[in-house]
Amino acid sequence: MKNHRIVIIVTTLFSLFLLVVSKAHAVDIENGRSLHAENCLACHATNTYSPDKRKIHDLAALTTQVKRCDFSLGTQWFDEDIEDAVSYLNNEFYHFK
Ligand code: HEC
């Protein structure tokens, strides 16, 4: 009888743990792609990101620039959206480590 109760408690705790873990943010490149396509091509095309034109040379600078452009655009993206857009840009264009 006592063992059953422990099994139930452990199972419940484990389910709660899974719930918390699954809510944690995983980078979503497809979200970054669509956010970028919808918001970011008003002032510059993607050729701004090309190796011969870019002024950005590391991931930190890329994040800073995405925040700056988000700010001047007034889109007020969440931190997760910034992260997704940076991952999309890095994956597609910059390829920083
Ligand atoms: C209001 C106009 C404007 C919009 C809209 C805009 N940007 Fe920019 N963006 C700029 C300008 C201007 C530069 C060039 C800054 C420079 O050369 O110093 C730039 C440069 C960049 C760069 C750096 C390019 C490089 O490698 O040199 C990135 C990355 C970037 N923007 C991302 C974004 C993202 C993501 C969005 C959507 C949130 C966005 N931009 C929307 C104006 C804009």
# chains A, B, ... in the order shown; residues from 1 in each chain; ligands from 1
>>> residues_around(residues="Asp81 in chain A", least_positions_apart="5", cutoff="9 Å", atoms="only C-alpha atoms", output="CSV table (one decimal) with N, CA and C atoms, in the first residue's frame")
chain,number,residue,atom,x,y,z
A,27,VAL,N,15.1,27.0,-29.4
A,27,VAL,CA,15.2,27.9,-30.6
A,27,VAL,C,14.4,27.4,-31.8
A,28,ASP,N,13.7,28.3,-32.3
A,28,ASP,CA,12.8,27.9,-33.4
A,28,ASP,C,13.1,28.7,-34.7
A,31,ASN,N,10.3,30.0,-36.9
A,31,ASN,CA,9.7,31.2,-36.3
A,31,ASN,C,10.5,32.4,-36.7
A,32,GLY,N,11.8,32.3,-36.6
A,32,GLY,CA,12.7,33.4,-37.0
A,32,GLY,C,12.6,33.7,-38.5
A,35,LEU,N,9.2,35.5,-39.0
A,35,LEU,CA,9.3,36.9,-38.4
A,35,LEU,C,10.1,37.8,-39.3
A,86,VAL,N,17.9,35.7,-34.7
A,86,VAL,CA,19.4,35.6,-34.8
A,86,VAL,C,19.8,34.2,-35.3
>>> closest_atom_pairs(of="chain A", to="ligand 1", cutoff="10 Å", atoms="only C-alpha atoms and all ligand atoms", output="tab-separated table")
residue	atom	partner	partner_atom_place_in_ligand_line	distance
A:Gly32	CA	ligand 1	35 (C)	8.6
A:Arg33	CA	ligand 1	35 (C)	9.6
A:Leu35	CA	ligand 1	37 (C)	7.6
A:His36	CA	ligand 1	37 (C)	5.6
A:Ala37	CA	ligand 1	37 (C)	8.3
A:Glu38	CA	ligand 1	37 (C)	8.4
A:Asn39	CA	ligand 1	37 (C)	5.2
A:Cys40	CA	ligand 1	37 (C)	3.4
A:Leu41	CA	ligand 1	41 (C)	6.2
A:Ala42	CA	ligand 1	5 (C)	5.0
A:Cys43	CA	ligand 1	2 (C)	4.3
A:His44	CA	ligand 1	7 (N)	6.2
A:Ala45	CA	ligand 1	8 (Fe)	8.9
A:Thr46	CA	ligand 1	24 (C)	8.5
A:Asn47	CA	ligand 1	24 (C)	8.6
A:Thr48	CA	ligand 1	24 (C)	5.1
A:Tyr49	CA	ligand 1	26 (O)	4.5
A:Ser50	CA	ligand 1	26 (O)	7.1
A:Pro51	CA	ligand 1	26 (O)	7.8
A:Asp52	CA	ligand 1	26 (O)	9.3
A:Lys53	CA	ligand 1	27 (O)	6.5
A:Arg54	CA	ligand 1	26 (O)	3.5
A:Lys55	CA	ligand 1	27 (O)	3.5
A:Ile56	CA	ligand 1	26 (O)	4.1
A:His57	CA	ligand 1	26 (O)	7.2
A:Asp58	CA	ligand 1	26 (O)	9.3
A:Leu59	CA	ligand 1	29 (C)	9.9
A:Ala61	CA	ligand 1	23 (C)	8.5
A:Leu62	CA	ligand 1	29 (C)	5.5
A:Thr63	CA	ligand 1	29 (C)	7.7
A:Thr64	CA	ligand 1	29 (C)	8.6
A:Gln65	CA	ligand 1	28 (C)	5.4
A:Val66	CA	ligand 1	35 (C)	4.5
A:Lys67	CA	ligand 1	38 (C)	7.3
A:Arg68	CA	ligand 1	8 (Fe)	7.6
A:Cys69	CA	ligand 1	39 (C)	4.5
A:Asp70	CA	ligand 1	38 (C)	4.0
A:Phe71	CA	ligand 1	38 (C)	7.7
A:Ser72	CA	ligand 1	1 (C)	5.6
A:Leu73	CA	ligand 1	5 (C)	4.9
A:Gly74	CA	ligand 1	38 (C)	8.5
A:Thr75	CA	ligand 1	38 (C)	7.0
A:Gln76	CA	ligand 1	38 (C)	8.9
A:Trp77	CA	ligand 1	38 (C)	8.0
A:Asp81	CA	ligand 1	38 (C)	9.4
A:Ile82	CA	ligand 1	35 (C)	7.7
A:Asp84	CA	ligand 1	35 (C)	9.7
A:Ala85	CA	ligand 1	35 (C)	6.0
A:Val86	CA	ligand 1	35 (C)	7.1
A:Tyr88	CA	ligand 1	35 (C)	9.2
A:Leu89	CA	ligand 1	29 (C)	7.0
A:Asn90	CA	ligand 1	29 (C)	8.9
A:Phe93	CA	ligand 1	26 (O)	9.1
A:Tyr94	CA	ligand 1	26 (O)	8.0
>>> select_by_dssp(residues="chain A", states="helix (DSSP H, G or I)", output="PyMOL selection string")
chain A and resi 2-23+29-39+46-49+59-73+79-94
>>> closest_residue(among="A:His4, A:Ala60, A:Ile9, A:Glu80", to="Phe96 in chain A", atoms="only C-alpha atoms")
A:Ala60
